[in-house]
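Containing mmCIF, N, CA, C and O atoms: input_33.cif.
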```cif
data_final
#
loop_
_atom_site.label_atom_id
_atom_site.label_comp_id
_atom_site.auth_asym_id
_atom_site.auth_seq_id
_atom_site.Cartn_x
_atom_site.Cartn_y
_atom_site.Cartn_z
N MET I 1 0.81 -1.18 0.00
CA MET I 1 0.00 0.00 0.00
C MET I 1 0.86 1.27 0.00
O MET I 1 0.41 2.32 0.37
N LEU I 2 2.12 1.13 -0.42
CA LEU I 2 3.02 2.27 -0.45
C LEU I 2 3.03 2.90 -1.84
O LEU I 2 3.92 2.69 -2.64
N ASN I 3 2.03 3.67 -2.16
CA ASN I 3 1.95 4.34 -3.46
C ASN I 3 2.50 5.75 -3.40
O ASN I 3 2.49 6.47 -4.37
N ASN I 4 2.98 6.15 -2.25
CA ASN I 4 3.51 7.49 -2.04
C ASN I 4 4.94 7.57 -2.56
O ASN I 4 5.77 6.74 -2.20
N PRO I 5 5.29 8.55 -3.39
CA PRO I 5 6.67 8.66 -3.89
C PRO I 5 7.69 8.84 -2.77
O PRO I 5 8.82 8.40 -2.89
N TRP I 6 7.30 9.48 -1.69
CA TRP I 6 8.25 9.69 -0.60
C TRP I 6 8.59 8.35 0.06
O TRP I 6 9.74 8.10 0.41
N ASP I 7 7.61 7.47 0.24
CA ASP I 7 7.85 6.19 0.89
C ASP I 7 8.60 5.21 -0.01
O ASP I 7 9.41 4.43 0.47
N THR I 8 8.34 5.24 -1.29
CA THR I 8 8.96 4.29 -2.20
C THR I 8 10.22 4.83 -2.86
O THR I 8 10.93 4.09 -3.53
N GLY I 9 10.51 6.11 -2.68
CA GLY I 9 11.67 6.74 -3.32
C GLY I 9 12.98 6.36 -2.64
O GLY I 9 13.02 5.98 -1.47
N SER I 10 14.04 6.50 -3.39
CA SER I 10 15.37 6.19 -2.86
C SER I 10 15.84 7.32 -1.93
O SER I 10 15.29 8.42 -1.96
N PRO I 11 16.87 7.05 -1.14
CA PRO I 11 17.41 8.11 -0.28
C PRO I 11 17.94 9.31 -1.08
O PRO I 11 17.84 10.46 -0.62
N LYS I 12 18.47 9.07 -2.28
CA LYS I 12 18.92 10.18 -3.13
C LYS I 12 17.75 11.06 -3.54
O LYS I 12 17.85 12.28 -3.57
N TYR I 13 16.63 10.43 -3.88
CA TYR I 13 15.43 11.17 -4.26
C TYR I 13 14.99 12.07 -3.11
O TYR I 13 14.73 13.25 -3.30
N ARG I 14 14.93 11.51 -1.91
CA ARG I 14 14.50 12.27 -0.75
C ARG I 14 15.46 13.43 -0.46
O ARG I 14 15.02 14.54 -0.15
N LEU I 15 16.75 13.17 -0.57
CA LEU I 15 17.75 14.20 -0.33
C LEU I 15 17.58 15.38 -1.28
O LEU I 15 17.56 16.54 -0.87
N PHE I 16 17.42 15.08 -2.58
CA PHE I 16 17.31 16.15 -3.55
C PHE I 16 15.98 16.89 -3.45
O PHE I 16 15.93 18.09 -3.72
N VAL I 17 14.93 16.22 -3.03
CA VAL I 17 13.66 16.93 -2.82
C VAL I 17 13.80 17.90 -1.66
O VAL I 17 13.40 19.07 -1.76
N VAL I 18 14.40 17.44 -0.57
CA VAL I 18 14.57 18.32 0.59
C VAL I 18 15.52 19.47 0.27
O VAL I 18 15.27 20.62 0.65
N LEU I 19 16.62 19.18 -0.44
CA LEU I 19 17.54 20.25 -0.84
C LEU I 19 16.85 21.26 -1.75
O LEU I 19 17.06 22.47 -1.61
N GLY I 20 16.06 20.76 -2.69
CA GLY I 20 15.33 21.66 -3.59
C GLY I 20 14.38 22.56 -2.83
O GLY I 20 14.30 23.77 -3.09
N LEU I 21 13.66 22.00 -1.88
CA LEU I 21 12.74 22.80 -1.08
C LEU I 21 13.50 23.82 -0.22
O LEU I 21 13.07 24.97 -0.09
N ALA I 22 14.61 23.40 0.36
CA ALA I 22 15.38 24.30 1.23
C ALA I 22 15.97 25.47 0.43
O ALA I 22 15.87 26.63 0.87
N PHE I 23 16.59 25.17 -0.71
CA PHE I 23 17.17 26.24 -1.52
C PHE I 23 16.10 27.17 -2.08
O PHE I 23 16.28 28.39 -2.11
N THR I 24 14.98 26.62 -2.51
CA THR I 24 13.90 27.45 -3.02
C THR I 24 13.32 28.33 -1.92
O THR I 24 13.07 29.52 -2.13
N GLY I 25 13.13 27.76 -0.75
CA GLY I 25 12.63 28.54 0.38
C GLY I 25 13.59 29.65 0.77
O GLY I 25 13.17 30.79 1.05
N ALA I 26 14.88 29.33 0.80
CA ALA I 26 15.88 30.35 1.12
C ALA I 26 15.90 31.45 0.06
O ALA I 26 16.04 32.64 0.38
N GLY I 27 15.74 31.07 -1.20
CA GLY I 27 15.71 32.06 -2.28
C GLY I 27 14.50 32.98 -2.18
O GLY I 27 14.62 34.19 -2.37
N ILE I 28 13.36 32.41 -1.87
CA ILE I 28 12.15 33.23 -1.73
C ILE I 28 12.29 34.16 -0.54
O ILE I 28 11.95 35.35 -0.62
N LEU I 29 12.81 33.64 0.56
CA LEU I 29 13.01 34.47 1.76
C LEU I 29 13.99 35.60 1.49
O LEU I 29 13.74 36.76 1.86
N CYS I 30 15.10 35.30 0.83
CA CYS I 30 16.08 36.35 0.49
C CYS I 30 15.47 37.39 -0.44
O CYS I 30 15.73 38.58 -0.30
N SER I 31 14.67 36.94 -1.36
CA SER I 31 14.03 37.86 -2.30
C SER I 31 13.07 38.80 -1.58
O SER I 31 13.09 40.02 -1.81
N ILE I 32 12.26 38.25 -0.71
CA ILE I 32 11.30 39.08 0.02
C ILE I 32 12.01 40.07 0.93
O ILE I 32 11.67 41.26 0.96
N ILE I 33 13.01 39.58 1.67
CA ILE I 33 13.74 40.48 2.57
C ILE I 33 14.50 41.53 1.77
O ILE I 33 14.53 42.71 2.14
N GLY I 34 15.12 41.13 0.66
CA GLY I 34 15.86 42.08 -0.17
C GLY I 34 14.99 43.15 -0.77
O GLY I 34 15.38 44.31 -0.87
N ILE I 35 13.78 42.77 -1.18
CA ILE I 35 12.88 43.76 -1.78
C ILE I 35 12.34 44.71 -0.73
O ILE I 35 12.26 45.92 -0.96
N THR I 36 11.95 44.18 0.43
CA THR I 36 11.36 45.07 1.45
C THR I 36 12.39 46.01 2.08
O THR I 36 12.04 47.12 2.48
N THR I 37 13.64 45.56 2.16
CA THR I 37 14.68 46.43 2.74
C THR I 37 15.45 47.19 1.67
O THR I 37 16.38 47.92 2.01
N GLU I 38 15.09 47.00 0.42
CA GLU I 38 15.76 47.63 -0.72
C GLU I 38 17.26 47.33 -0.74
O GLU I 38 18.08 48.19 -1.04
N ASN I 39 17.58 46.08 -0.43
CA ASN I 39 18.96 45.60 -0.43
C ASN I 39 19.19 44.86 -1.75
O ASN I 39 18.73 43.73 -1.94
N GLY I 40 19.90 45.48 -2.67
CA GLY I 40 20.11 44.91 -4.00
C GLY I 40 20.93 43.63 -3.97
O GLY I 40 20.65 42.69 -4.72
N PHE I 41 21.92 43.57 -3.09
CA PHE I 41 22.76 42.38 -3.01
C PHE I 41 21.94 41.16 -2.60
O PHE I 41 22.06 40.09 -3.18
N LEU I 42 21.09 41.31 -1.61
CA LEU I 42 20.27 40.21 -1.14
C LEU I 42 19.25 39.79 -2.19
O LEU I 42 18.97 38.59 -2.35
N THR I 43 18.72 40.75 -2.90
CA THR I 43 17.76 40.45 -3.96
C THR I 43 18.42 39.65 -5.08
O THR I 43 17.86 38.67 -5.57
N TRP I 44 19.63 40.04 -5.46
CA TRP I 44 20.33 39.31 -6.53
C TRP I 44 20.88 37.97 -6.05
O TRP I 44 21.07 37.06 -6.84
N THR I 45 21.13 37.84 -4.76
CA THR I 45 21.58 36.56 -4.20
C THR I 45 20.46 35.52 -4.26
O THR I 45 20.72 34.32 -4.31
N ALA I 46 19.24 35.99 -4.25
CA ALA I 46 18.10 35.08 -4.28
C ALA I 46 18.02 34.30 -5.60
O ALA I 46 17.57 33.15 -5.62
N LEU I 47 18.46 34.89 -6.68
CA LEU I 47 18.34 34.23 -7.99
C LEU I 47 19.14 32.93 -8.08
O LEU I 47 18.59 31.91 -8.52
N PRO I 48 20.42 32.90 -7.68
CA PRO I 48 21.13 31.62 -7.72
C PRO I 48 20.52 30.58 -6.77
O PRO I 48 20.50 29.38 -7.08
N LEU I 49 20.02 31.03 -5.63
CA LEU I 49 19.39 30.08 -4.70
C LEU I 49 18.15 29.45 -5.32
O LEU I 49 17.93 28.25 -5.20
N LEU I 50 17.36 30.26 -5.99
CA LEU I 50 16.18 29.73 -6.67
C LEU I 50 16.57 28.78 -7.81
O LEU I 50 15.94 27.75 -8.02
N GLY I 51 17.63 29.13 -8.53
CA GLY I 51 18.11 28.26 -9.61
C GLY I 51 18.62 26.93 -9.09
O GLY I 51 18.33 25.88 -9.67
N ILE I 52 19.37 26.96 -8.00
CA ILE I 52 19.87 25.71 -7.42
C ILE I 52 18.72 24.86 -6.91
O ILE I 52 18.71 23.64 -7.07
N GLY I 53 17.72 25.50 -6.32
CA GLY I 53 16.54 24.77 -5.86
C GLY I 53 15.81 24.09 -7.01
O GLY I 53 15.40 22.93 -6.91
N PHE I 54 15.68 24.80 -8.13
CA PHE I 54 15.03 24.23 -9.30
C PHE I 54 15.83 23.06 -9.86
O PHE I 54 15.27 22.01 -10.20
N ILE I 55 17.14 23.21 -9.93
CA ILE I 55 18.00 22.13 -10.44
C ILE I 55 17.92 20.90 -9.54
O ILE I 55 17.86 19.76 -10.03
N CYS I 56 17.93 21.11 -8.24
CA CYS I 56 17.81 19.97 -7.30
C CYS I 56 16.47 19.26 -7.48
O CYS I 56 16.41 18.03 -7.44
N TYR I 57 15.41 20.02 -7.67
CA TYR I 57 14.11 19.41 -7.86
C TYR I 57 14.05 18.60 -9.16
O TYR I 57 13.54 17.49 -9.18
N VAL I 58 14.60 19.14 -10.22
CA VAL I 58 14.62 18.41 -11.50
C VAL I 58 15.48 17.16 -11.38
O VAL I 58 15.13 16.09 -11.90
N ALA I 59 16.59 17.26 -10.66
CA ALA I 59 17.44 16.08 -10.44
C ALA I 59 16.68 15.02 -9.65
O ALA I 59 16.84 13.82 -9.91
N SER I 60 15.86 15.43 -8.70
CA SER I 60 15.10 14.45 -7.93
C SER I 60 14.11 13.69 -8.81
O SER I 60 13.84 12.52 -8.58
N ILE I 61 13.60 14.35 -9.84
CA ILE I 61 12.69 13.66 -10.77
C ILE I 61 13.43 12.54 -11.49
O ILE I 61 12.90 11.44 -11.67
N PHE I 62 14.67 12.80 -11.88
CA PHE I 62 15.45 11.77 -12.56
C PHE I 62 15.83 10.62 -11.62
O PHE I 62 15.94 9.49 -12.05
N PHE I 63 16.03 10.92 -10.34
CA PHE I 63 16.30 9.85 -9.38
C PHE I 63 15.04 9.06 -9.06
O PHE I 63 15.10 7.93 -8.63
N ARG I 64 13.90 9.64 -9.27
CA ARG I 64 12.62 8.98 -9.00
C ARG I 64 12.22 8.05 -10.13
O ARG I 64 11.56 7.04 -9.93
N ARG I 65 12.63 8.33 -11.35
CA ARG I 65 12.22 7.56 -12.52
C ARG I 65 12.49 6.07 -12.42
O ARG I 65 11.59 5.29 -12.73
N PRO I 66 13.68 5.62 -12.00
CA PRO I 66 13.89 4.16 -11.91
C PRO I 66 12.96 3.51 -10.88
O PRO I 66 12.56 2.37 -11.05
N GLY I 67 12.58 4.23 -9.84
CA GLY I 67 11.68 3.67 -8.84
C GLY I 67 10.26 3.50 -9.33
O GLY I 67 9.50 2.71 -8.80
N LYS I 68 9.87 4.23 -10.36
CA LYS I 68 8.52 4.12 -10.90
C LYS I 68 8.29 2.77 -11.57
O LYS I 68 7.18 2.29 -11.64
N ARG I 69 9.34 2.17 -12.08
CA ARG I 69 9.19 0.91 -12.82
C ARG I 69 8.90 -0.26 -11.89
O ARG I 69 8.44 -1.28 -12.31
N ARG I 70 9.19 -0.09 -10.60
CA ARG I 70 8.97 -1.19 -9.66
C ARG I 70 7.53 -1.43 -9.38
O ARG I 70 6.68 -0.66 -9.41
#
```
Starting from the file, lay out its structure as structure tokens.
Amino acid sequence: MLNNPWDTGSPKYRLFVVLGLAFTGAGILCSIIGITTENGFLTWTALPLLGIGFICYVASIFFRRPGKRR
């Protein structure tokens, strides 16, 4: 009865999902704080964090694919 991707996924899949969420959350937080305080450096720092979060999430999809065949 384990149809949940989190339960059936590999440890690599779980790691990259958590990393993707953490980097994306940090990027959003940096963006919001940078915009409200008018801090250009913090606002521009948010972009690489969001990009890394997106890349980690896409990588987790590729780690999930072999588990789908089971």
Report as a list in words the full result of the PyMOL selection byres ((chain I and resi 19) around 8) when it is applied to this structure.
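Output of the PyMOL selection byres ((chain I and resi 19) around 8): Lys12, Tyr13, Arg14, Leu15, Phe16, Val17, Val18, Gly20, Leu21, Ala22, Phe23, Thr24, Gly25, Ala26, Leu49, Ile52, Gly53, Phe54, Ile55, Cys56 and Tyr57 of chain I.
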Can you sort out the box for segment 46-63 of chain I, edges along x, y and z, all listed atoms in, 8 Å on every side, with centre and edge lengths in Å to one decimal, as AutoDock Vina command-line options?
```
--center_x 16.9 --center_y 22.0 --center_z -8.4 --size_x 24.4 --size_y 44.1 --size_z 24.3
```
Quick one: of I:Pro5, I:Pro48, I:Gly40, I:Pro11, who's nearest to Gly27 of chain I, counting only C-alpha atoms?
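For Gly27 of chain I, the nearest of the given residues is I:Pro48.
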Taking only chain I into account, list the residues labelled helix (DSSP H, G or I) by DSSP (computed from the backbone), as a count of residues only.
59
What is the atom C of Leu50 of chain I-atom N of Arg65 of chain I distance in Å, reported with one decimal?
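Separation between atom C of Leu50 of chain I and atom N of Arg65 of chain I: 21.1 Å.
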Take atom CA of Ala46 of chain I and atom CA of Ile28 of chain I and report the distance between them in Å, one decimal.
6.7 Å
Separation of atom CA of Cys30 of chain I and atom CA of Phe63 of chain I, in Å?
28.3 Å
Taking the file above as input, evaluate the PyMOL selection byres (((chain I and resi 43 and name CA) around 10) and name CA) and report the hits as a PyMOL selection string.
chain I and resi 27-42+44-47
Save out the residues we just selected, N, CA, C and O atoms, as a PDB file, in the coordinates of the input.
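Final file, out-v3.pdb:
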```
ATOM      1  N   GLY I  27      15.740  31.070  -1.200  1.00  0.00           N
ATOM      2  CA  GLY I  27      15.710  32.060  -2.280  1.00  0.00           C
ATOM      3  C   GLY I  27      14.500  32.980  -2.180  1.00  0.00           C
ATOM      4  O   GLY I  27      14.620  34.190  -2.370  1.00  0.00           O
ATOM      5  N   ILE I  28      13.360  32.410  -1.870  1.00  0.00           N
ATOM      6  CA  ILE I  28      12.150  33.230  -1.730  1.00  0.00           C
ATOM      7  C   ILE I  28      12.290  34.160  -0.540  1.00  0.00           C
ATOM      8  O   ILE I  28      11.950  35.350  -0.620  1.00  0.00           O
ATOM      9  N   LEU I  29      12.810  33.640   0.560  1.00  0.00           N
ATOM     10  CA  LEU I  29      13.010  34.470   1.760  1.00  0.00           C
ATOM     11  C   LEU I  29      13.990  35.600   1.490  1.00  0.00           C
ATOM     12  O   LEU I  29      13.740  36.760   1.860  1.00  0.00           O
ATOM     13  N   CYS I  30      15.100  35.300   0.830  1.00  0.00           N
ATOM     14  CA  CYS I  30      16.080  36.350   0.490  1.00  0.00           C
ATOM     15  C   CYS I  30      15.470  37.390  -0.440  1.00  0.00           C
ATOM     16  O   CYS I  30      15.730  38.580  -0.300  1.00  0.00           O
ATOM     17  N   SER I  31      14.670  36.940  -1.360  1.00  0.00           N
ATOM     18  CA  SER I  31      14.030  37.860  -2.300  1.00  0.00           C
ATOM     19  C   SER I  31      13.070  38.800  -1.580  1.00  0.00           C
ATOM     20  O   SER I  31      13.090  40.020  -1.810  1.00  0.00           O
ATOM     21  N   ILE I  32      12.260  38.250  -0.710  1.00  0.00           N
ATOM     22  CA  ILE I  32      11.300  39.080   0.020  1.00  0.00           C
ATOM     23  C   ILE I  32      12.010  40.070   0.930  1.00  0.00           C
ATOM     24  O   ILE I  32      11.670  41.260   0.960  1.00  0.00           O
ATOM     25  N   ILE I  33      13.010  39.580   1.670  1.00  0.00           N
ATOM     26  CA  ILE I  33      13.740  40.480   2.570  1.00  0.00           C
ATOM     27  C   ILE I  33      14.500  41.530   1.770  1.00  0.00           C
ATOM     28  O   ILE I  33      14.530  42.710   2.140  1.00  0.00           O
ATOM     29  N   GLY I  34      15.120  41.130   0.660  1.00  0.00           N
ATOM     30  CA  GLY I  34      15.860  42.080  -0.170  1.00  0.00           C
ATOM     31  C   GLY I  34      14.990  43.150  -0.770  1.00  0.00           C
ATOM     32  O   GLY I  34      15.380  44.310  -0.870  1.00  0.00           O
ATOM     33  N   ILE I  35      13.780  42.770  -1.180  1.00  0.00           N
ATOM     34  CA  ILE I  35      12.880  43.760  -1.780  1.00  0.00           C
ATOM     35  C   ILE I  35      12.340  44.710  -0.730  1.00  0.00           C
ATOM     36  O   ILE I  35      12.260  45.920  -0.960  1.00  0.00           O
ATOM     37  N   THR I  36      11.950  44.180   0.430  1.00  0.00           N
ATOM     38  CA  THR I  36      11.360  45.070   1.450  1.00  0.00           C
ATOM     39  C   THR I  36      12.390  46.010   2.080  1.00  0.00           C
ATOM     40  O   THR I  36      12.040  47.120   2.480  1.00  0.00           O
ATOM     41  N   THR I  37      13.640  45.560   2.160  1.00  0.00           N
ATOM     42  CA  THR I  37      14.680  46.430   2.740  1.00  0.00           C
ATOM     43  C   THR I  37      15.450  47.190   1.670  1.00  0.00           C
ATOM     44  O   THR I  37      16.380  47.920   2.010  1.00  0.00           O
ATOM     45  N   GLU I  38      15.090  47.000   0.420  1.00  0.00           N
ATOM     46  CA  GLU I  38      15.760  47.630  -0.720  1.00  0.00           C
ATOM     47  C   GLU I  38      17.260  47.330  -0.740  1.00  0.00           C
ATOM     48  O   GLU I  38      18.080  48.190  -1.040  1.00  0.00           O
ATOM     49  N   ASN I  39      17.580  46.080  -0.430  1.00  0.00           N
ATOM     50  CA  ASN I  39      18.960  45.600  -0.430  1.00  0.00           C
ATOM     51  C   ASN I  39      19.190  44.860  -1.750  1.00  0.00           C
ATOM     52  O   ASN I  39      18.730  43.730  -1.940  1.00  0.00           O
ATOM     53  N   GLY I  40      19.900  45.480  -2.670  1.00  0.00           N
ATOM     54  CA  GLY I  40      20.110  44.910  -4.000  1.00  0.00           C
ATOM     55  C   GLY I  40      20.930  43.630  -3.970  1.00  0.00           C
ATOM     56  O   GLY I  40      20.650  42.690  -4.720  1.00  0.00           O
ATOM     57  N   PHE I  41      21.920  43.570  -3.090  1.00  0.00           N
ATOM     58  CA  PHE I  41      22.760  42.380  -3.010  1.00  0.00           C
ATOM     59  C   PHE I  41      21.940  41.160  -2.600  1.00  0.00           C
ATOM     60  O   PHE I  41      22.060  40.090  -3.180  1.00  0.00           O
ATOM     61  N   LEU I  42      21.090  41.310  -1.610  1.00  0.00           N
ATOM     62  CA  LEU I  42      20.270  40.210  -1.140  1.00  0.00           C
ATOM     63  C   LEU I  42      19.250  39.790  -2.190  1.00  0.00           C
ATOM     64  O   LEU I  42      18.970  38.590  -2.350  1.00  0.00           O
ATOM     65  N   TRP I  44      19.630  40.040  -5.460  1.00  0.00           N
ATOM     66  CA  TRP I  44      20.330  39.310  -6.530  1.00  0.00           C
ATOM     67  C   TRP I  44      20.880  37.970  -6.050  1.00  0.00           C
ATOM     68  O   TRP I  44      21.070  37.060  -6.840  1.00  0.00           O
ATOM     69  N   THR I  45      21.130  37.840  -4.760  1.00  0.00           N
ATOM     70  CA  THR I  45      21.580  36.560  -4.200  1.00  0.00           C
ATOM     71  C   THR I  45      20.460  35.520  -4.260  1.00  0.00           C
ATOM     72  O   THR I  45      20.720  34.320  -4.310  1.00  0.00           O
ATOM     73  N   ALA I  46      19.240  35.990  -4.250  1.00  0.00           N
ATOM     74  CA  ALA I  46      18.100  35.080  -4.280  1.00  0.00           C
ATOM     75  C   ALA I  46      18.020  34.300  -5.600  1.00  0.00           C
ATOM     76  O   ALA I  46      17.570  33.150  -5.620  1.00  0.00           O
ATOM     77  N   LEU I  47      18.460  34.890  -6.680  1.00  0.00           N
ATOM     78  CA  LEU I  47      18.340  34.230  -7.990  1.00  0.00           C
ATOM     79  C   LEU I  47      19.140  32.930  -8.080  1.00  0.00           C
ATOM     80  O   LEU I  47      18.590  31.910  -8.520  1.00  0.00           O
TER      81      LEU I  47
END
```
Reconstructed all heavy atoms for segment 37-47 of chain I, given as a compact mmCIF listing (two decimals), in the frame of the given file:
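Full text of rebuild_36.txt as output:
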```txt
# COMPACT_ATOMS: atom_id res chain seq x y z
N THR I 37 13.64 45.56 2.16
CA THR I 37 14.68 46.43 2.74
C THR I 37 15.45 47.19 1.67
O THR I 37 16.38 47.92 2.01
CB THR I 37 15.67 45.61 3.58
OG1 THR I 37 16.32 44.65 2.75
CG2 THR I 37 14.98 44.92 4.73
N GLU I 38 15.09 47.00 0.42
CA GLU I 38 15.76 47.63 -0.72
C GLU I 38 17.26 47.33 -0.74
O GLU I 38 18.08 48.19 -1.04
CB GLU I 38 15.51 49.13 -0.73
CG GLU I 38 14.05 49.48 -0.90
CD GLU I 38 13.78 50.97 -0.88
OE1 GLU I 38 14.73 51.76 -0.83
OE2 GLU I 38 12.61 51.33 -0.92
N ASN I 39 17.58 46.08 -0.43
CA ASN I 39 18.96 45.60 -0.43
C ASN I 39 19.19 44.86 -1.75
O ASN I 39 18.73 43.73 -1.94
CB ASN I 39 19.20 44.68 0.77
CG ASN I 39 20.63 44.23 0.90
OD1 ASN I 39 21.43 44.38 -0.02
ND2 ASN I 39 20.94 43.68 2.06
N GLY I 40 19.90 45.48 -2.67
CA GLY I 40 20.11 44.91 -4.00
C GLY I 40 20.93 43.63 -3.97
O GLY I 40 20.65 42.69 -4.72
N PHE I 41 21.92 43.57 -3.09
CA PHE I 41 22.76 42.38 -3.01
C PHE I 41 21.94 41.16 -2.60
O PHE I 41 22.06 40.09 -3.18
CB PHE I 41 23.91 42.59 -2.02
CG PHE I 41 24.76 41.38 -1.83
CD1 PHE I 41 25.65 40.99 -2.81
CD2 PHE I 41 24.65 40.61 -0.68
CE1 PHE I 41 26.44 39.85 -2.66
CE2 PHE I 41 25.43 39.49 -0.51
CZ PHE I 41 26.32 39.10 -1.50
N LEU I 42 21.09 41.31 -1.61
CA LEU I 42 20.27 40.21 -1.14
C LEU I 42 19.25 39.79 -2.19
O LEU I 42 18.97 38.59 -2.35
CB LEU I 42 19.57 40.60 0.17
CG LEU I 42 19.03 39.49 1.04
CD1 LEU I 42 20.14 38.53 1.42
CD2 LEU I 42 18.39 40.07 2.29
N THR I 43 18.72 40.75 -2.90
CA THR I 43 17.76 40.45 -3.96
C THR I 43 18.42 39.65 -5.08
O THR I 43 17.86 38.67 -5.57
CB THR I 43 17.16 41.74 -4.52
OG1 THR I 43 16.59 42.48 -3.45
CG2 THR I 43 16.10 41.45 -5.55
N TRP I 44 19.63 40.04 -5.46
CA TRP I 44 20.33 39.31 -6.53
C TRP I 44 20.88 37.97 -6.05
O TRP I 44 21.07 37.06 -6.84
CB TRP I 44 21.45 40.17 -7.12
CG TRP I 44 20.90 41.25 -8.00
CD1 TRP I 44 20.76 42.56 -7.69
CD2 TRP I 44 20.38 41.09 -9.32
NE1 TRP I 44 20.20 43.23 -8.75
CE2 TRP I 44 19.95 42.34 -9.76
CE3 TRP I 44 20.24 39.99 -10.16
CZ2 TRP I 44 19.38 42.54 -11.01
CZ3 TRP I 44 19.68 40.19 -11.41
CH2 TRP I 44 19.26 41.45 -11.83
N THR I 45 21.13 37.84 -4.76
CA THR I 45 21.58 36.56 -4.20
C THR I 45 20.46 35.52 -4.26
O THR I 45 20.72 34.32 -4.31
CB THR I 45 22.05 36.75 -2.75
OG1 THR I 45 23.07 37.74 -2.73
CG2 THR I 45 22.58 35.48 -2.15
N ALA I 46 19.24 35.99 -4.25
CA ALA I 46 18.10 35.08 -4.28
C ALA I 46 18.02 34.30 -5.60
O ALA I 46 17.57 33.15 -5.62
CB ALA I 46 16.80 35.85 -4.07
N LEU I 47 18.46 34.89 -6.68
CA LEU I 47 18.34 34.23 -7.99
C LEU I 47 19.14 32.93 -8.08
O LEU I 47 18.59 31.91 -8.52
CB LEU I 47 18.73 35.20 -9.10
CG LEU I 47 17.75 36.34 -9.34
CD1 LEU I 47 18.29 37.29 -10.39
CD2 LEU I 47 16.40 35.80 -9.74
```
